[in-house]
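Q: There's a structure below that I have some questions on.
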Amino acid sequence: MVHAPSRPPVGAPPVRINLYSDTQTRPSLAMKEAMMAAEVGDEQFGDDPTVNALCDRMAALMGKEAAVFLPSGTMCNVIAIRTHCRAGDEVLAHETAHILSSEGGTHAATTGVQIHPLKGARGMFDADTLRAAIRPGGRYSPPQRLLEVEQTANIGGGGIWPQDQLDAVVAVAREQGWATHMDGARLMNAVVGAGIPAAEMVAGFDSVWLDFTKGLGAPLGAVLCGSAEFIGHAWRWKQRLGGSMRQAGICAAACLYALDHNIDRLAEDHANARTLARGLRQIAGMDVEEPDTNLVFFNPAGTGLTAADLVGALRLQGIHLSMLGGRIRACTHLDVTAGMIEETLGAIRAAVAKG
Ligand SMILES: *Cc1c(COP(=O)(O)O)cnc(C)c1O
């Protein structure tokens, strides 16, 4: 993530309302019970029945031939990009993409690709912008190999790509012979928000992954999906990078639990985000972006408070928010209730009134 890990200010009480990130959810008791009961085996050997069940389910959900379980979303991006590309190739992505801003420079350090940053509102770009980035080819140009999109677009405000816009950029990639990769860290938020089945939404993508540690509430794990051939090559990189595991079924069980119990309820997070945005908009001077999913970005500058003032004041009441540039980000998830949203709005109104 973009936000730097930060220590709580001196004297800050424990966090009661955690809107900082959906990565900070804790596994529920029922999820932990599923983990305790998991049948396990040697994952490197392909012998862990729970990991295999998760991969089969994810491949079916995404409409792809195969899937591989990985420890993190970042490793999914690294392995997918390294599988699609060679060092020196160019990846086309939005300028706010996680692969550019939040992976520690790994694409310079490990995959060796260069990333062409594209502009566009809300973390998305259109087919014309993509087309304008096509290079002439020949020996001078970096070989353009891969189109990458984020669904939802994180820094873009958790926005859902309109399906026709997504299809249009994929069509440009196809015409150019590029591969296509979706960073689906919060893909299920998009699926629930748009009401489009996952397999349909990602049909144009050669590879796609889902993070289980965001709104789905698992302690770790992400699953990368693609063709059987692609996943075969991805496995080689998983091994090379040290991402092959042993009794990983204990974690895959949490992911299977999340698929069964924590998808449909994402709609509640989206409703809470809309309630928060609506309440914030009623505060004079507050600049609020309308949320598509579970991320609410707002800027209090017009109220006379800076983002840092407001985040600091709320943290002293046990309400935790994050800051991105001059904006504040509130993230709803399964540990945030409608009552907590009301309480947060009350605290923000009070902080603004106090000035
Ligand atoms: C969180 C996130 C990642 C990285 O996932 P980790 O599991 O934290 O490594 C990648 N892309 C986006 C858009 C994310 O939000």
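Labels used: A, B, ... for chains in the order of the structure tokens, numbers from 1 for residues in each chain, and numbers from 1 for ligands as shown.
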Please give me, as a compact mmCIF listing (two decimals) with all heavy atoms, in the first residue's frame, the residues lying within 10 Å of ligand 1 when counting only C-alpha atoms and all ligand atoms.
A:
# COMPACT_ATOMS: atom_id res chain seq x y z
N MET A 1 0.83 -1.19 0.00
CA MET A 1 0.00 0.00 0.00
C MET A 1 0.87 1.24 0.00
O MET A 1 2.02 1.20 0.36
CB MET A 1 -0.90 0.00 1.23
CG MET A 1 -1.90 -1.15 1.27
SD MET A 1 -2.95 -1.23 -0.18
CE MET A 1 -3.70 0.40 -0.11
N VAL A 2 0.26 2.36 -0.33
CA VAL A 2 1.01 3.60 -0.43
C VAL A 2 1.33 4.15 0.95
O VAL A 2 2.40 4.68 1.19
CB VAL A 2 0.20 4.65 -1.22
CG1 VAL A 2 0.85 6.01 -1.13
CG2 VAL A 2 0.09 4.20 -2.65
N SER A 21 -7.54 0.26 6.56
CA SER A 21 -7.41 -0.60 5.38
C SER A 21 -8.16 -1.90 5.59
O SER A 21 -8.22 -2.41 6.72
CB SER A 21 -5.93 -0.92 5.11
OG SER A 21 -5.83 -1.83 4.02
N ASP A 22 -8.69 -2.46 4.51
CA ASP A 22 -9.33 -3.78 4.59
C ASP A 22 -8.29 -4.90 4.72
O ASP A 22 -8.64 -6.07 4.87
CB ASP A 22 -10.27 -4.03 3.40
CG ASP A 22 -9.65 -3.69 2.05
OD1 ASP A 22 -8.44 -3.38 2.01
OD2 ASP A 22 -10.38 -3.72 1.04
N THR A 23 -7.02 -4.54 4.70
CA THR A 23 -5.98 -5.54 4.96
C THR A 23 -5.85 -5.81 6.45
O THR A 23 -5.18 -6.76 6.85
CB THR A 23 -4.59 -5.04 4.49
OG1 THR A 23 -4.34 -3.78 5.11
CG2 THR A 23 -4.55 -4.89 3.00
N LEU A 70 -0.56 -18.39 -3.90
CA LEU A 70 0.67 -17.65 -3.57
C LEU A 70 0.48 -16.91 -2.25
O LEU A 70 -0.64 -16.64 -1.83
CB LEU A 70 1.00 -16.66 -4.71
CG LEU A 70 1.41 -17.34 -6.02
CD1 LEU A 70 1.42 -16.36 -7.18
CD2 LEU A 70 2.78 -18.01 -5.89
N PRO A 71 1.59 -16.58 -1.59
CA PRO A 71 1.49 -15.94 -0.28
C PRO A 71 0.90 -14.53 -0.32
O PRO A 71 0.30 -14.09 0.66
CB PRO A 71 2.94 -15.88 0.21
CG PRO A 71 3.70 -16.84 -0.63
CD PRO A 71 2.97 -16.94 -1.93
N SER A 72 1.08 -13.79 -1.42
CA SER A 72 0.63 -12.39 -1.43
C SER A 72 0.24 -11.95 -2.83
O SER A 72 0.64 -12.56 -3.83
CB SER A 72 1.75 -11.47 -0.93
OG SER A 72 2.77 -11.38 -1.91
N GLY A 73 -0.48 -10.86 -2.87
CA GLY A 73 -0.85 -10.27 -4.14
C GLY A 73 0.35 -9.72 -4.89
O GLY A 73 0.43 -9.82 -6.12
N THR A 74 1.27 -9.15 -4.14
CA THR A 74 2.47 -8.62 -4.79
C THR A 74 3.20 -9.74 -5.53
O THR A 74 3.65 -9.57 -6.67
CB THR A 74 3.39 -7.96 -3.74
OG1 THR A 74 2.67 -6.89 -3.12
CG2 THR A 74 4.66 -7.43 -4.35
N MET A 75 3.28 -10.92 -4.91
CA MET A 75 3.95 -12.03 -5.59
C MET A 75 3.18 -12.47 -6.84
O MET A 75 3.78 -12.87 -7.84
CB MET A 75 4.21 -13.21 -4.65
CG MET A 75 5.26 -14.16 -5.21
SD MET A 75 5.61 -15.59 -4.18
CE MET A 75 6.87 -14.94 -3.12
N CYS A 76 1.84 -12.36 -6.79
CA CYS A 76 1.06 -12.65 -8.01
C CYS A 76 1.46 -11.71 -9.14
O CYS A 76 1.66 -12.15 -10.29
CB CYS A 76 -0.44 -12.49 -7.74
SG CYS A 76 -1.17 -13.74 -6.69
N ASN A 77 1.56 -10.41 -8.84
CA ASN A 77 1.96 -9.46 -9.89
C ASN A 77 3.36 -9.76 -10.39
O ASN A 77 3.62 -9.75 -11.60
CB ASN A 77 1.88 -8.02 -9.36
CG ASN A 77 0.47 -7.44 -9.43
OD1 ASN A 77 -0.36 -7.91 -10.21
ND2 ASN A 77 0.20 -6.44 -8.62
N VAL A 78 4.29 -9.99 -9.47
CA VAL A 78 5.68 -10.24 -9.86
C VAL A 78 5.75 -11.48 -10.76
O VAL A 78 6.36 -11.46 -11.83
CB VAL A 78 6.57 -10.42 -8.61
CG1 VAL A 78 7.95 -10.96 -8.98
CG2 VAL A 78 6.70 -9.09 -7.86
N THR A 96 -1.10 5.38 -11.53
CA THR A 96 -1.26 5.14 -10.09
C THR A 96 -1.24 3.64 -9.75
O THR A 96 -1.52 3.27 -8.61
CB THR A 96 -2.60 5.72 -9.58
OG1 THR A 96 -3.67 5.04 -10.24
CG2 THR A 96 -2.70 7.21 -9.79
N ALA A 97 -0.88 2.80 -10.71
CA ALA A 97 -0.96 1.35 -10.48
C ALA A 97 -0.09 0.90 -9.31
O ALA A 97 1.01 1.43 -9.09
CB ALA A 97 -0.55 0.59 -11.74
N HIS A 98 -0.57 -0.10 -8.60
CA HIS A 98 0.16 -0.69 -7.48
C HIS A 98 1.55 -1.16 -7.92
O HIS A 98 2.52 -1.00 -7.19
CB HIS A 98 -0.65 -1.88 -6.94
CG HIS A 98 -0.26 -2.32 -5.57
ND1 HIS A 98 0.80 -3.18 -5.34
CD2 HIS A 98 -0.78 -2.04 -4.34
CE1 HIS A 98 0.91 -3.41 -4.04
NE2 HIS A 98 -0.03 -2.73 -3.41
N ILE A 99 1.66 -1.70 -9.13
CA ILE A 99 2.96 -2.20 -9.60
C ILE A 99 3.98 -1.07 -9.70
O ILE A 99 5.18 -1.30 -9.60
CB ILE A 99 2.87 -2.96 -10.95
CG1 ILE A 99 2.22 -2.12 -12.03
CG2 ILE A 99 2.13 -4.28 -10.76
CD1 ILE A 99 2.32 -2.76 -13.43
N LEU A 100 3.50 0.17 -9.90
CA LEU A 100 4.41 1.32 -9.98
C LEU A 100 4.68 1.91 -8.61
O LEU A 100 5.82 2.28 -8.30
CB LEU A 100 3.77 2.41 -10.85
CG LEU A 100 4.18 2.43 -12.31
CD1 LEU A 100 3.22 3.31 -13.10
CD2 LEU A 100 5.60 2.96 -12.46
N SER A 101 3.62 2.04 -7.80
CA SER A 101 3.75 2.85 -6.59
C SER A 101 4.05 2.06 -5.33
O SER A 101 4.57 2.61 -4.38
CB SER A 101 2.46 3.64 -6.36
OG SER A 101 1.41 2.74 -6.06
N SER A 102 3.71 0.78 -5.32
CA SER A 102 3.64 0.13 -4.00
C SER A 102 4.29 -1.24 -3.93
O SER A 102 3.96 -2.02 -3.05
CB SER A 102 2.17 0.02 -3.59
OG SER A 102 1.55 1.28 -3.67
N GLU A 103 5.17 -1.55 -4.87
CA GLU A 103 5.81 -2.86 -4.80
C GLU A 103 7.32 -2.75 -4.62
O GLU A 103 8.09 -3.63 -5.03
CB GLU A 103 5.37 -3.71 -6.02
CG GLU A 103 3.86 -3.92 -5.96
CD GLU A 103 3.22 -4.81 -7.00
OE1 GLU A 103 3.92 -5.31 -7.91
OE2 GLU A 103 1.99 -4.99 -6.90
N VAL A 149 -4.24 -3.93 -15.85
CA VAL A 149 -5.25 -3.05 -15.25
C VAL A 149 -5.56 -3.52 -13.82
O VAL A 149 -5.37 -4.69 -13.50
CB VAL A 149 -6.59 -3.01 -16.05
CG1 VAL A 149 -6.37 -2.68 -17.50
CG2 VAL A 149 -7.35 -4.31 -15.91
N GLU A 150 -6.01 -2.58 -13.03
CA GLU A 150 -6.42 -2.88 -11.65
C GLU A 150 -7.93 -2.84 -11.54
O GLU A 150 -8.56 -1.87 -11.95
CB GLU A 150 -5.86 -1.78 -10.73
CG GLU A 150 -4.74 -2.22 -9.85
CD GLU A 150 -4.16 -1.05 -9.07
OE1 GLU A 150 -4.88 -0.37 -8.31
OE2 GLU A 150 -2.96 -0.80 -9.24
N GLN A 151 -8.49 -3.88 -10.96
CA GLN A 151 -9.94 -3.93 -10.75
C GLN A 151 -10.20 -4.36 -9.32
O GLN A 151 -9.88 -5.50 -8.99
CB GLN A 151 -10.55 -4.92 -11.76
CG GLN A 151 -12.04 -5.10 -11.70
CD GLN A 151 -12.85 -3.99 -12.32
OE1 GLN A 151 -12.71 -2.82 -11.93
NE2 GLN A 151 -13.68 -4.32 -13.29
N THR A 152 -10.70 -3.56 -8.41
CA THR A 152 -10.98 -2.15 -8.59
C THR A 152 -9.68 -1.34 -8.61
O THR A 152 -8.64 -1.83 -8.16
CB THR A 152 -11.87 -1.64 -7.43
OG1 THR A 152 -11.14 -1.76 -6.19
CG2 THR A 152 -13.13 -2.46 -7.29
N ALA A 153 -9.78 -0.12 -9.10
CA ALA A 153 -8.61 0.75 -9.15
C ALA A 153 -8.44 1.40 -7.77
O ALA A 153 -9.26 2.22 -7.37
CB ALA A 153 -8.80 1.81 -10.23
N ASN A 154 -7.40 1.00 -7.07
CA ASN A 154 -7.24 1.35 -5.65
C ASN A 154 -7.08 2.86 -5.44
O ASN A 154 -7.96 3.52 -4.87
CB ASN A 154 -6.04 0.56 -5.11
CG ASN A 154 -5.75 0.85 -3.65
OD1 ASN A 154 -6.45 1.60 -2.99
ND2 ASN A 154 -4.69 0.25 -3.13
N ILE A 155 -5.96 3.40 -5.93
CA ILE A 155 -5.72 4.84 -5.74
C ILE A 155 -6.75 5.64 -6.52
O ILE A 155 -7.02 6.80 -6.23
CB ILE A 155 -4.28 5.22 -6.19
CG1 ILE A 155 -3.25 4.27 -5.56
CG2 ILE A 155 -3.95 6.67 -5.85
CD1 ILE A 155 -3.18 4.29 -4.07
N GLY A 156 -7.34 5.00 -7.52
CA GLY A 156 -8.41 5.64 -8.29
C GLY A 156 -9.72 5.74 -7.50
O GLY A 156 -10.74 6.14 -8.06
N GLY A 158 -11.15 3.11 -5.62
CA GLY A 158 -11.91 1.86 -5.58
C GLY A 158 -12.91 1.79 -6.71
O GLY A 158 -13.94 1.11 -6.62
N MET A 182 -4.78 -8.81 -15.19
CA MET A 182 -5.58 -8.01 -14.27
C MET A 182 -5.10 -8.20 -12.84
O MET A 182 -5.03 -9.33 -12.34
CB MET A 182 -7.06 -8.39 -14.35
CG MET A 182 -7.91 -7.57 -13.39
SD MET A 182 -9.65 -8.05 -13.39
CE MET A 182 -10.25 -7.17 -14.84
N ASP A 183 -4.75 -7.07 -12.21
CA ASP A 183 -4.49 -7.04 -10.77
C ASP A 183 -5.87 -6.94 -10.12
O ASP A 183 -6.47 -5.88 -10.05
CB ASP A 183 -3.62 -5.83 -10.44
CG ASP A 183 -3.47 -5.57 -8.94
OD1 ASP A 183 -4.33 -6.05 -8.16
OD2 ASP A 183 -2.52 -4.86 -8.56
N GLY A 184 -6.37 -8.11 -9.68
CA GLY A 184 -7.71 -8.16 -9.12
C GLY A 184 -7.69 -8.23 -7.61
O GLY A 184 -8.49 -8.96 -7.01
N ALA A 185 -6.81 -7.46 -7.00
CA ALA A 185 -6.72 -7.46 -5.53
C ALA A 185 -8.12 -7.40 -4.92
O ALA A 185 -8.45 -8.16 -4.03
CB ALA A 185 -5.86 -6.30 -5.05
N ARG A 186 -8.95 -6.46 -5.43
CA ARG A 186 -10.33 -6.31 -4.92
C ARG A 186 -11.35 -6.64 -6.03
O ARG A 186 -12.39 -5.99 -6.13
CB ARG A 186 -10.56 -4.89 -4.39
CG ARG A 186 -9.72 -4.56 -3.17
CD ARG A 186 -10.07 -3.22 -2.55
NE ARG A 186 -9.23 -2.97 -1.39
CZ ARG A 186 -7.97 -2.51 -1.43
NH1 ARG A 186 -7.41 -2.23 -2.60
NH2 ARG A 186 -7.29 -2.34 -0.33
N LEU A 187 -11.04 -7.65 -6.81
CA LEU A 187 -11.92 -8.01 -7.92
C LEU A 187 -13.34 -8.32 -7.46
O LEU A 187 -14.31 -7.93 -8.11
CB LEU A 187 -11.34 -9.21 -8.68
CG LEU A 187 -12.23 -9.79 -9.78
CD1 LEU A 187 -12.44 -8.77 -10.89
CD2 LEU A 187 -11.63 -11.07 -10.35
N TRP A 209 -5.67 -12.26 -10.77
CA TRP A 209 -5.52 -12.81 -9.42
C TRP A 209 -6.45 -12.06 -8.47
O TRP A 209 -6.87 -10.94 -8.73
CB TRP A 209 -4.08 -12.75 -8.92
CG TRP A 209 -3.49 -11.37 -8.80
CD1 TRP A 209 -2.79 -10.69 -9.76
CD2 TRP A 209 -3.50 -10.51 -7.65
NE1 TRP A 209 -2.39 -9.46 -9.29
CE2 TRP A 209 -2.81 -9.33 -7.99
CE3 TRP A 209 -4.03 -10.63 -6.35
CZ2 TRP A 209 -2.63 -8.28 -7.09
CZ3 TRP A 209 -3.86 -9.57 -5.47
CH2 TRP A 209 -3.16 -8.42 -5.84
N LEU A 210 -6.74 -12.75 -7.36
CA LEU A 210 -7.60 -12.22 -6.32
C LEU A 210 -6.86 -12.30 -5.00
O LEU A 210 -6.23 -13.32 -4.70
CB LEU A 210 -8.89 -13.05 -6.25
CG LEU A 210 -9.86 -12.74 -5.11
CD1 LEU A 210 -10.47 -11.36 -5.27
CD2 LEU A 210 -10.96 -13.79 -5.04
N ASP A 211 -6.95 -11.22 -4.23
CA ASP A 211 -6.34 -11.20 -2.90
C ASP A 211 -7.37 -11.63 -1.87
O ASP A 211 -8.49 -11.12 -1.87
CB ASP A 211 -5.87 -9.77 -2.58
CG ASP A 211 -4.63 -9.77 -1.71
OD1 ASP A 211 -4.48 -10.68 -0.89
OD2 ASP A 211 -3.81 -8.84 -1.88
N PHE A 212 -6.97 -12.55 -0.98
CA PHE A 212 -7.89 -12.97 0.09
C PHE A 212 -7.68 -12.17 1.36
O PHE A 212 -8.40 -12.37 2.33
CB PHE A 212 -7.74 -14.48 0.35
CG PHE A 212 -8.41 -15.29 -0.72
CD1 PHE A 212 -7.73 -15.66 -1.87
CD2 PHE A 212 -9.74 -15.64 -0.61
CE1 PHE A 212 -8.36 -16.36 -2.88
CE2 PHE A 212 -10.39 -16.35 -1.61
CZ PHE A 212 -9.70 -16.71 -2.75
N THR A 213 -6.72 -11.27 1.36
CA THR A 213 -6.40 -10.53 2.59
C THR A 213 -6.99 -9.13 2.61
O THR A 213 -6.71 -8.35 3.49
CB THR A 213 -4.88 -10.40 2.79
OG1 THR A 213 -4.38 -9.51 1.80
CG2 THR A 213 -4.20 -11.73 2.68
N LYS A 214 -7.78 -8.79 1.61
CA LYS A 214 -8.44 -7.47 1.62
C LYS A 214 -9.81 -7.68 2.24
O LYS A 214 -9.89 -8.25 3.31
CB LYS A 214 -8.46 -6.89 0.20
CG LYS A 214 -7.07 -6.81 -0.45
CD LYS A 214 -6.26 -5.61 0.01
CE LYS A 214 -4.78 -5.66 -0.28
NZ LYS A 214 -4.37 -5.18 -1.57
N PRO A 219 -6.14 -14.28 6.58
CA PRO A 219 -4.88 -13.74 7.10
C PRO A 219 -3.78 -13.65 6.03
O PRO A 219 -2.91 -12.79 6.13
CB PRO A 219 -4.48 -14.73 8.19
CG PRO A 219 -5.22 -15.99 7.88
CD PRO A 219 -6.48 -15.59 7.18
N LEU A 220 -3.78 -14.54 5.06
CA LEU A 220 -2.82 -14.40 3.96
C LEU A 220 -3.29 -15.23 2.77
O LEU A 220 -4.15 -16.09 2.90
CB LEU A 220 -1.39 -14.78 4.38
CG LEU A 220 -1.07 -16.21 4.82
CD1 LEU A 220 -0.79 -17.12 3.63
CD2 LEU A 220 0.15 -16.20 5.73
N GLY A 221 -2.70 -14.93 1.62
CA GLY A 221 -2.98 -15.74 0.44
C GLY A 221 -3.63 -14.97 -0.69
O GLY A 221 -4.43 -14.06 -0.48
N ALA A 222 -3.22 -15.34 -1.90
CA ALA A 222 -3.80 -14.80 -3.12
C ALA A 222 -3.71 -15.91 -4.15
O ALA A 222 -2.86 -16.79 -4.05
CB ALA A 222 -3.01 -13.58 -3.58
Q: If you run DSSP on this backbone, which residues of stretch 61-186 of chain A come out as helix (DSSP H, G or I), and could you give them as JSON, numbers by chain?
A: {"A": [61, 62, 73, 74, 75, 76, 77, 78, 79, 80, 81, 82, 83, 84, 98, 99, 100, 101, 106, 107, 108, 109, 110, 111, 121, 122, 123, 127, 128, 129, 130, 131, 132, 163, 164, 165, 166, 167, 168, 169, 170, 171, 172, 173, 174, 175, 176]}
Q: Near A:Ala109, within 12 Å and counting only C-alpha atoms, which residues show up once chain neighbours fewer than 4 positions away are dropped, as a compact mmCIF listing (two decimals) with N, CA, C and O atoms, in the first residue's frame?
A:
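Listing of part17.txt after writing:
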# COMPACT_ATOMS: atom_id res chain seq x y z
N VAL A 78 4.29 -9.99 -9.47
CA VAL A 78 5.68 -10.24 -9.86
C VAL A 78 5.75 -11.48 -10.76
O VAL A 78 6.36 -11.46 -11.83
N ARG A 82 6.58 -11.55 -14.69
CA ARG A 82 7.80 -12.26 -15.10
C ARG A 82 7.47 -13.41 -16.06
O ARG A 82 8.29 -13.78 -16.90
N ALA A 87 12.96 -9.36 -19.24
CA ALA A 87 13.57 -8.10 -18.81
C ALA A 87 13.73 -7.20 -20.04
O ALA A 87 14.09 -7.67 -21.12
N GLY A 88 13.42 -5.92 -19.87
CA GLY A 88 13.51 -4.97 -20.98
C GLY A 88 12.20 -4.77 -21.70
O GLY A 88 12.05 -3.81 -22.47
N GLU A 103 5.17 -1.55 -4.87
CA GLU A 103 5.81 -2.86 -4.80
C GLU A 103 7.32 -2.75 -4.62
O GLU A 103 8.09 -3.63 -5.03
N GLY A 104 7.70 -1.64 -3.99
CA GLY A 104 9.11 -1.50 -3.58
C GLY A 104 10.10 -1.47 -4.74
O GLY A 104 11.28 -1.76 -4.56
N GLY A 105 9.60 -1.11 -5.94
CA GLY A 105 10.51 -1.08 -7.08
C GLY A 105 10.89 -2.46 -7.60
O GLY A 105 11.88 -2.64 -8.29
N VAL A 113 11.13 -5.37 -16.06
CA VAL A 113 10.33 -4.70 -17.08
C VAL A 113 10.34 -3.19 -16.83
O VAL A 113 10.65 -2.74 -15.73
N GLN A 114 10.02 -2.43 -17.86
CA GLN A 114 9.75 -1.02 -17.61
C GLN A 114 8.25 -0.81 -17.74
O GLN A 114 7.58 -1.51 -18.52
Q: Mind checking which residues fall within 6 Å of stretch 189-203 of chain A, counting only C-alpha atoms, ignoring those fewer than 4 positions away in the same chain, and posting them as a short mmCIF file (atom, residue, chain, number, x, y, z; two decimals) with N, CA, C and O atoms, in the first residue's frame?
A:
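Done, and the output landed in part.cif:
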data_model
loop_
_atom_site.label_atom_id
_atom_site.label_comp_id
_atom_site.auth_asym_id
_atom_site.auth_seq_id
_atom_site.Cartn_x
_atom_site.Cartn_y
_atom_site.Cartn_z
N MET A 62 -13.06 -17.94 -12.15
CA MET A 62 -12.52 -16.96 -13.10
C MET A 62 -12.65 -17.44 -14.55
O MET A 62 -12.27 -16.71 -15.47
N GLY A 63 -13.11 -18.67 -14.74
CA GLY A 63 -13.26 -19.18 -16.10
C GLY A 63 -11.91 -19.42 -16.77
O GLY A 63 -11.77 -19.25 -17.98
N THR A 152 -10.70 -3.56 -8.41
CA THR A 152 -10.98 -2.15 -8.59
C THR A 152 -9.68 -1.34 -8.61
O THR A 152 -8.64 -1.83 -8.16
N ILE A 160 -14.80 0.96 -10.23
CA ILE A 160 -15.03 -0.23 -11.07
C ILE A 160 -14.92 0.20 -12.53
O ILE A 160 -15.60 1.14 -12.95
#
Q: Distance atom CA of A:Glu229-atom CA of A:Leu92, one decimal place?
A: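 So the two atoms, atom CA of A:Glu229 and atom CA of A:Leu92, lie 22.9 Å apart.
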Q: Give me, as a ChimeraX atom specification, all polymer residues having an atom no more than 12 Å from A:Glu289, counting only C-alpha atoms and skipping those fewer than 6 positions away in the same chain.
A: /A:121-122,155-159,273-274,276-278,280-281,295-300,327-330
Q: Next, the residues of the selection above should be written as a PDB file, in the first residue's frame with C-alpha atoms.
A:
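Result file selection33.pdb:
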ATOM      1  CA  ALA A 121      -9.409   9.656 -14.275  1.00  0.00           C
ATOM      2  CA  ARG A 122      -9.980   7.374 -11.269  1.00  0.00           C
ATOM      3  CA  ILE A 155      -5.719   4.838  -5.738  1.00  0.00           C
ATOM      4  CA  GLY A 156      -8.414   5.635  -8.287  1.00  0.00           C
ATOM      5  CA  GLY A 157     -10.915   5.527  -5.405  1.00  0.00           C
ATOM      6  CA  GLY A 158     -11.910   1.864  -5.578  1.00  0.00           C
ATOM      7  CA  GLY A 159     -13.520   2.547  -8.949  1.00  0.00           C
ATOM      8  CA  ALA A 273     -19.062   3.427   2.180  1.00  0.00           C
ATOM      9  CA  ARG A 274     -21.968   5.209   0.470  1.00  0.00           C
ATOM     10  CA  LEU A 276     -20.112   7.584   4.927  1.00  0.00           C
ATOM     11  CA  ALA A 277     -19.734   9.556   1.678  1.00  0.00           C
ATOM     12  CA  ARG A 278     -23.276  10.919   1.982  1.00  0.00           C
ATOM     13  CA  LEU A 280     -19.331  13.629   4.729  1.00  0.00           C
ATOM     14  CA  ARG A 281     -20.867  15.529   1.841  1.00  0.00           C
ATOM     15  CA  LEU A 295     -13.012   2.970  -0.534  1.00  0.00           C
ATOM     16  CA  VAL A 296     -14.031   6.552   0.297  1.00  0.00           C
ATOM     17  CA  PHE A 297     -11.582   9.322  -0.573  1.00  0.00           C
ATOM     18  CA  PHE A 298     -12.208  12.789   0.807  1.00  0.00           C
ATOM     19  CA  ASN A 299     -10.370  16.036   1.279  1.00  0.00           C
ATOM     20  CA  PRO A 300     -11.195  18.261   4.258  1.00  0.00           C
ATOM     21  CA  ARG A 327      -6.576  13.104   0.697  1.00  0.00           C
ATOM     22  CA  ILE A 328      -7.976  10.873   3.401  1.00  0.00           C
ATOM     23  CA  ARG A 329      -8.979   7.296   2.616  1.00  0.00           C
ATOM     24  CA  ALA A 330     -11.599   5.438   4.611  1.00  0.00           C
TER      25      ALA A 330
END
Q: Leaving out A:Ala34 and any residue of its chain fewer than 5 positions from it, which residues lie within 8 Å of it when counting only C-alpha atoms, given as number ranges by chain?
A: A: 253-254, 257
Q: Store the residues picked out above, limited to N, CA and C atoms, as a PDB file, in the first residue's frame.
A:
ATOM      1  N   ALA A 253      -7.605 -22.996   3.578  1.00  0.00           N
ATOM      2  CA  ALA A 253      -8.907 -23.233   4.217  1.00  0.00           C
ATOM      3  C   ALA A 253      -9.584 -21.913   4.571  1.00  0.00           C
ATOM      4  N   ALA A 254      -8.776 -20.938   4.991  1.00  0.00           N
ATOM      5  CA  ALA A 254      -9.333 -19.612   5.301  1.00  0.00           C
ATOM      6  C   ALA A 254      -9.871 -18.969   4.026  1.00  0.00           C
ATOM      7  N   TYR A 257     -13.103 -20.626   3.088  1.00  0.00           N
ATOM      8  CA  TYR A 257     -14.133 -20.100   3.990  1.00  0.00           C
ATOM      9  C   TYR A 257     -14.593 -18.718   3.487  1.00  0.00           C
TER      10      TYR A 257
END
Q: Point out the residue among A:Arg16, A:Arg135, A:Lys32, A:Arg26 with the least atom-to-atom distance to A:Leu334, counting only C-alpha atoms.
A: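 Ranking A:Arg16, A:Arg135, A:Lys32, A:Arg26 by distance to A:Leu334, first place goes to A:Arg26.
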Q: Out of A:Val15, A:Ala284, A:Val208, A:Leu54, which residue has the shortest atom-to-atom distance to A:Ala258 when counting only C-alpha atoms?
A: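 The closest residue to A:Ala258 is A:Leu54.
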